[in-house]
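A.B. asks: For reference, the structure I am asking about is given below.
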Amino acid sequence: MGVRMNLMEPFETALDFQTGVLRPAGRIIKRHLSDMRGMYADANAERKVFESEGDRLIYEVHAVDLPEKTGLVLYCTTIIHPGRIGAEYHMTKGHFHEKRDRSELYLGLAGEGYLLLQADDGTVRGLPMARGTMAYVPPLWAHRTANTDDEPFAFLAVWPGDAGHDYGTIEQSGFAKLLVDGEQRVNLVDNPNYGLITRTT
Ligand code: PAN
Ligand code: ZN
């Protein structure tokens, strides 16, 4: 159990810029491959990972434990471990905010990654992220991050307390583009499963 902060008292959190770890530890969420079944395009590659090594840890969220309330600022770090499922880089589940017009700010801390953004009409944008990159997630855009390097990719996220998270839309449709390893290092390619129900459990 992590420390729950008193939202009416000043407090400080120590952020390790190298690792993205917060102290004192709040809520830590670990996302394994089994939490993301069907989200990677290459189902065979996903199955092979399960068979050869079991349930791989893909990413961790280290959140300062505050209530999701209007007027509060919430923040957490995300650490995406390096690796691929097939050609696709390790990534987060991705979501829209439940209140679609709530925006967000990301700050790259360590490693290299990509922020993938998708509008309601399927338009996709990709922003490279490294240490010091401040990436703005506008209202109405779904967002997902991926680790495109061989080291852990860590970033800080700050967003309004009443934004909420809608995971279902992405679980159903996916993103229109995939971030894959290719000759030019990072490639954005069409997702053959886009718009289909990709989740199997
Ligand atoms: C981020 C994300 C975090 C994990 O803090 O929640 O990177 O990604 P998923 O939530 O998609 O699993 C954020 O965008 N918060 O709103
Ligand atoms: Zn968000």
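We name chains A, B, ... following the order of the structure tokens; residues begin at 1 in each chain, and ligands are numbered from 1 as shown.
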At a cut-off of 9 Å and counting only C-alpha atoms and all ligand atoms, what residues surround ligand 1? Please answer as number ranges by chain.
C.D. replies: A: 29, 31, 59-63, 74-80, 91-97, 103-106, 137, 142-145, 155-160, 163-167
A.B. asks: Report the residues of region 49-92 of chain A whose backbone DSSP state falls under strand (DSSP E or B), written as a ChimeraX atom specification.
C.D. replies: /A:57-63,65,73-80,84-85,88-89,91
A.B. asks: I need the residues from that last selection saved to file as a PDB file, in the first residue's frame (with N, CA, C and O atoms), if you can.
C.D. replies:
ATOM      1  N   LEU A  57       5.975  -8.094 -18.005  1.00  0.00           N
ATOM      2  CA  LEU A  57       5.652  -6.749 -17.502  1.00  0.00           C
ATOM      3  C   LEU A  57       5.943  -5.738 -18.611  1.00  0.00           C
ATOM      4  O   LEU A  57       7.061  -5.661 -19.112  1.00  0.00           O
ATOM      5  N   ILE A  58       4.934  -4.960 -18.998  1.00  0.00           N
ATOM      6  CA  ILE A  58       5.111  -3.999 -20.091  1.00  0.00           C
ATOM      7  C   ILE A  58       5.381  -2.588 -19.541  1.00  0.00           C
ATOM      8  O   ILE A  58       6.317  -1.931 -19.965  1.00  0.00           O
ATOM      9  N   TYR A  59       4.536  -2.131 -18.612  1.00  0.00           N
ATOM     10  CA  TYR A  59       4.759  -0.777 -18.063  1.00  0.00           C
ATOM     11  C   TYR A  59       4.206  -0.649 -16.656  1.00  0.00           C
ATOM     12  O   TYR A  59       3.443  -1.489 -16.193  1.00  0.00           O
ATOM     13  N   GLU A  60       4.671   0.415 -15.999  1.00  0.00           N
ATOM     14  CA  GLU A  60       4.254   0.705 -14.625  1.00  0.00           C
ATOM     15  C   GLU A  60       3.808   2.158 -14.549  1.00  0.00           C
ATOM     16  O   GLU A  60       4.405   3.021 -15.185  1.00  0.00           O
ATOM     17  N   VAL A  61       2.802   2.398 -13.736  1.00  0.00           N
ATOM     18  CA  VAL A  61       2.365   3.766 -13.447  1.00  0.00           C
ATOM     19  C   VAL A  61       2.579   4.013 -11.962  1.00  0.00           C
ATOM     20  O   VAL A  61       2.126   3.225 -11.133  1.00  0.00           O
ATOM     21  N   HIS A  62       3.318   5.074 -11.647  1.00  0.00           N
ATOM     22  CA  HIS A  62       3.560   5.453 -10.253  1.00  0.00           C
ATOM     23  C   HIS A  62       2.781   6.744  -9.999  1.00  0.00           C
ATOM     24  O   HIS A  62       3.172   7.802 -10.478  1.00  0.00           O
ATOM     25  N   ALA A  63       1.676   6.621  -9.291  1.00  0.00           N
ATOM     26  CA  ALA A  63       0.761   7.759  -9.155  1.00  0.00           C
ATOM     27  C   ALA A  63       0.786   8.313  -7.745  1.00  0.00           C
ATOM     28  O   ALA A  63       0.803   7.557  -6.773  1.00  0.00           O
ATOM     29  N   ASP A  65      -1.209   9.523  -4.861  1.00  0.00           N
ATOM     30  CA  ASP A  65      -2.563   9.079  -4.561  1.00  0.00           C
ATOM     31  C   ASP A  65      -3.431  10.242  -4.082  1.00  0.00           C
ATOM     32  O   ASP A  65      -3.419  10.613  -2.910  1.00  0.00           O
ATOM     33  N   VAL A  73      -5.142  19.010  -9.402  1.00  0.00           N
ATOM     34  CA  VAL A  73      -4.187  18.609 -10.428  1.00  0.00           C
ATOM     35  C   VAL A  73      -3.675  17.224 -10.034  1.00  0.00           C
ATOM     36  O   VAL A  73      -3.230  17.033  -8.903  1.00  0.00           O
ATOM     37  N   LEU A  74      -3.771  16.275 -10.922  1.00  0.00           N
ATOM     38  CA  LEU A  74      -3.264  14.923 -10.651  1.00  0.00           C
ATOM     39  C   LEU A  74      -1.964  14.721 -11.417  1.00  0.00           C
ATOM     40  O   LEU A  74      -1.776  15.310 -12.482  1.00  0.00           O
ATOM     41  N   TYR A  75      -1.092  13.888 -10.867  1.00  0.00           N
ATOM     42  CA  TYR A  75       0.150  13.603 -11.600  1.00  0.00           C
ATOM     43  C   TYR A  75       0.680  12.223 -11.278  1.00  0.00           C
ATOM     44  O   TYR A  75       0.426  11.676 -10.212  1.00  0.00           O
ATOM     45  N   CYS A  76       1.394  11.678 -12.243  1.00  0.00           N
ATOM     46  CA  CYS A  76       1.996  10.355 -12.069  1.00  0.00           C
ATOM     47  C   CYS A  76       3.158  10.227 -13.050  1.00  0.00           C
ATOM     48  O   CYS A  76       3.313  11.042 -13.957  1.00  0.00           O
ATOM     49  N   THR A  77       3.953   9.210 -12.856  1.00  0.00           N
ATOM     50  CA  THR A  77       4.955   8.879 -13.868  1.00  0.00           C
ATOM     51  C   THR A  77       4.580   7.540 -14.492  1.00  0.00           C
ATOM     52  O   THR A  77       3.890   6.719 -13.878  1.00  0.00           O
ATOM     53  N   THR A  78       5.027   7.350 -15.715  1.00  0.00           N
ATOM     54  CA  THR A  78       4.856   6.072 -16.405  1.00  0.00           C
ATOM     55  C   THR A  78       6.238   5.585 -16.801  1.00  0.00           C
ATOM     56  O   THR A  78       7.056   6.371 -17.287  1.00  0.00           O
ATOM     57  N   ILE A  79       6.500   4.324 -16.560  1.00  0.00           N
ATOM     58  CA  ILE A  79       7.777   3.717 -16.954  1.00  0.00           C
ATOM     59  C   ILE A  79       7.437   2.564 -17.897  1.00  0.00           C
ATOM     60  O   ILE A  79       6.802   1.587 -17.479  1.00  0.00           O
ATOM     61  N   ILE A  80       7.812   2.703 -19.165  1.00  0.00           N
ATOM     62  CA  ILE A  80       7.549   1.632 -20.137  1.00  0.00           C
ATOM     63  C   ILE A  80       8.856   0.869 -20.341  1.00  0.00           C
ATOM     64  O   ILE A  80       9.877   1.451 -20.740  1.00  0.00           O
ATOM     65  N   ARG A  84       9.504  -5.413 -27.618  1.00  0.00           N
ATOM     66  CA  ARG A  84       8.516  -5.387 -28.703  1.00  0.00           C
ATOM     67  C   ARG A  84       7.651  -6.640 -28.627  1.00  0.00           C
ATOM     68  O   ARG A  84       8.076  -7.682 -28.118  1.00  0.00           O
ATOM     69  N   ILE A  85       6.466  -6.536 -29.144  1.00  0.00           N
ATOM     70  CA  ILE A  85       5.620  -7.704 -29.394  1.00  0.00           C
ATOM     71  C   ILE A  85       5.534  -7.786 -30.911  1.00  0.00           C
ATOM     72  O   ILE A  85       4.875  -6.959 -31.537  1.00  0.00           O
ATOM     73  N   GLU A  88       6.048  -4.442 -33.028  1.00  0.00           N
ATOM     74  CA  GLU A  88       5.414  -3.303 -32.352  1.00  0.00           C
ATOM     75  C   GLU A  88       6.071  -3.031 -30.996  1.00  0.00           C
ATOM     76  O   GLU A  88       6.246  -3.932 -30.174  1.00  0.00           O
ATOM     77  N   TYR A  89       6.384  -1.782 -30.773  1.00  0.00           N
ATOM     78  CA  TYR A  89       7.053  -1.405 -29.523  1.00  0.00           C
ATOM     79  C   TYR A  89       6.127  -1.560 -28.319  1.00  0.00           C
ATOM     80  O   TYR A  89       4.915  -1.354 -28.442  1.00  0.00           O
ATOM     81  N   MET A  91       3.989  -0.575 -25.358  1.00  0.00           N
ATOM     82  CA  MET A  91       3.178   0.649 -25.319  1.00  0.00           C
ATOM     83  C   MET A  91       2.169   0.578 -24.174  1.00  0.00           C
ATOM     84  O   MET A  91       1.980  -0.479 -23.562  1.00  0.00           O
TER      85      MET A  91
END
A.B. asks: Provide the CA of Ala130 (chain A) to CA of Arg23 (chain A) distance in Å, to one decimal place.
C.D. replies: 22.4 Å
A.B. asks: Might you pull out every residue within 8 Å of Asp149 (chain A), with only C-alpha atoms counted and same-chain residues fewer than 5 positions away left off, and present them as a ChimeraX atom specification?
C.D. replies: /A:82,111-113
A.B. asks: Could you dump the residues just selected with C-alpha atoms as an mmCIF file, in the first residue's frame?
C.D. replies:
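Output contents, as saved in part-v4.cif:
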data_model
loop_
_atom_site.group_PDB
_atom_site.id
_atom_site.type_symbol
_atom_site.label_atom_id
_atom_site.label_comp_id
_atom_site.auth_asym_id
_atom_site.auth_seq_id
_atom_site.Cartn_x
_atom_site.Cartn_y
_atom_site.Cartn_z
ATOM 1 C CA PRO A 82 11.907 -1.773 -23.453
ATOM 2 C CA GLY A 111 14.834 7.088 -22.468
ATOM 3 C CA GLU A 112 13.112 7.628 -25.793
ATOM 4 C CA GLY A 113 9.570 7.087 -26.880
#
A.B. asks: Which one of A:Leu179, A:Leu15, A:Met39, A:Ala135 sits closest to ligand 2 if you count only C-alpha atoms and all ligand atoms?
C.D. replies: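 Checking each of A:Leu179, A:Leu15, A:Met39, A:Ala135 against ligand 2, counting only C-alpha atoms and all ligand atoms, the winner is A:Ala135.
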A.B. asks: Quick one: everything within 10 Å of Arg47 (chain A), counting only C-alpha atoms, minus sequence neighbours fewer than 5 positions away in the same chain. Send it as a list in words.
C.D. replies: Arg37, Asp42, Ser52, Gly54 and Ile85 of chain A
A.B. asks: Given the selection you just returned, output its residues as a file containing C-alpha atoms, formatted as a tab-separated table (two decimals), in the first residue's frame.
C.D. replies:
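Output below, filename out.tsv:
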chain	number	residue	atom	x	y	z
A	37	ARG	CA	-4.75	-8.98	-24.69
A	42	ASP	CA	0.54	-9.55	-34.13
A	52	SER	CA	8.26	-18.66	-23.93
A	54	GLY	CA	4.87	-16.05	-19.41
A	85	ILE	CA	5.62	-7.70	-29.39
A.B. asks: Go through A:Tyr40, A:Gly86, A:Tyr114, A:Asp55 and flag the residue nearest Ile170 (chain A), using only C-alpha atoms for the distances.
C.D. replies: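 Closest candidate: A:Tyr40.
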A.B. asks: Using only C-alpha atoms for the distances, tell me which of A:Val21, A:Val3, A:Val124, A:Ala154 is nearest to Asn191 (chain A).
C.D. replies: A:Val124
A.B. asks: When you look at Gly132 (chain A) with a cut-off of 9 Å (counting only C-alpha atoms), what residues show up, excluding the ones that are within fewer than 4 positions of it in the same chain? I need them as a VMD selection string.
C.D. replies: chain A and resid 107 to 110
A.B. asks: Would you please work out which residue, of A:Pro139, A:Gly182, A:Gly2, A:Pro152, is nearest to ligand 2 when using only C-alpha atoms and all ligand atoms?
C.D. replies: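 Going through A:Pro139, A:Gly182, A:Gly2, A:Pro152 one by one, the smallest distance to ligand 2 is for A:Pro139.
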A.B. asks: Could you tell me how far CA of Thr133 (chain A) sits from CA of Tyr194 (chain A), in Å to one decimal place?
C.D. replies: 28.6 Å
A.B. asks: As a PyMOL selection string, please: the residues near Thr123 (chain A) (cut-off 12 Å, only C-alpha atoms, same-chain neighbours under 4 positions excluded).
C.D. replies: chain A and resi 116-119+140-143+175-177+190
A.B. asks: Any chance you could list, as a VMD selection string, the residues in region 45-194 of chain A that come up alpha helix (DSSP H) when DSSP is run on the backbone?
C.D. replies: chain A and resid 45 to 53 168 to 173
A.B. asks: Keeping only N, CA and C atoms, write those residues as a tab-separated table (two decimals), in the first residue's frame.
C.D. replies:
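Output contents, as saved in out_24.tsv:
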chain	number	residue	atom	x	y	z
A	45	ALA	N	2.78	-13.34	-32.37
A	45	ALA	CA	3.91	-12.88	-31.57
A	45	ALA	C	3.50	-12.79	-30.11
A	46	GLU	N	2.29	-12.32	-29.85
A	46	GLU	CA	1.79	-12.21	-28.47
A	46	GLU	C	1.74	-13.61	-27.83
A	47	ARG	N	1.23	-14.56	-28.57
A	47	ARG	CA	1.13	-15.94	-28.05
A	47	ARG	C	2.51	-16.52	-27.75
A	48	LYS	N	3.45	-16.23	-28.66
A	48	LYS	CA	4.81	-16.77	-28.46
A	48	LYS	C	5.46	-16.21	-27.19
A	49	VAL	N	5.20	-14.94	-26.91
A	49	VAL	CA	5.77	-14.36	-25.69
A	49	VAL	C	5.19	-15.07	-24.47
A	50	PHE	N	3.88	-15.31	-24.46
A	50	PHE	CA	3.26	-16.03	-23.34
A	50	PHE	C	3.87	-17.42	-23.19
A	51	GLU	N	4.06	-18.09	-24.32
A	51	GLU	CA	4.58	-19.46	-24.27
A	51	GLU	C	6.02	-19.51	-23.78
A	52	SER	N	6.83	-18.57	-24.23
A	52	SER	CA	8.26	-18.66	-23.93
A	52	SER	C	8.62	-18.03	-22.58
A	53	GLU	N	7.91	-16.99	-22.17
A	53	GLU	CA	8.34	-16.33	-20.91
A	53	GLU	C	7.22	-16.02	-19.96
A	168	GLY	N	-12.44	1.94	-22.86
A	168	GLY	CA	-13.25	1.05	-23.68
A	168	GLY	C	-13.18	1.35	-25.17
A	169	THR	N	-13.18	2.62	-25.52
A	169	THR	CA	-13.20	2.99	-26.94
A	169	THR	C	-11.97	2.45	-27.66
A	170	ILE	N	-10.80	2.59	-27.03
A	170	ILE	CA	-9.57	2.09	-27.65
A	170	ILE	C	-9.53	0.56	-27.59
A	171	GLU	N	-10.03	-0.02	-26.50
A	171	GLU	CA	-10.06	-1.49	-26.43
A	171	GLU	C	-10.89	-2.07	-27.57
A	172	GLN	N	-11.93	-1.37	-27.94
A	172	GLN	CA	-12.81	-1.86	-29.02
A	172	GLN	C	-12.19	-1.64	-30.40
A	173	SER	N	-11.64	-0.46	-30.62
A	173	SER	CA	-11.24	-0.08	-31.99
A	173	SER	C	-9.75	-0.06	-32.24
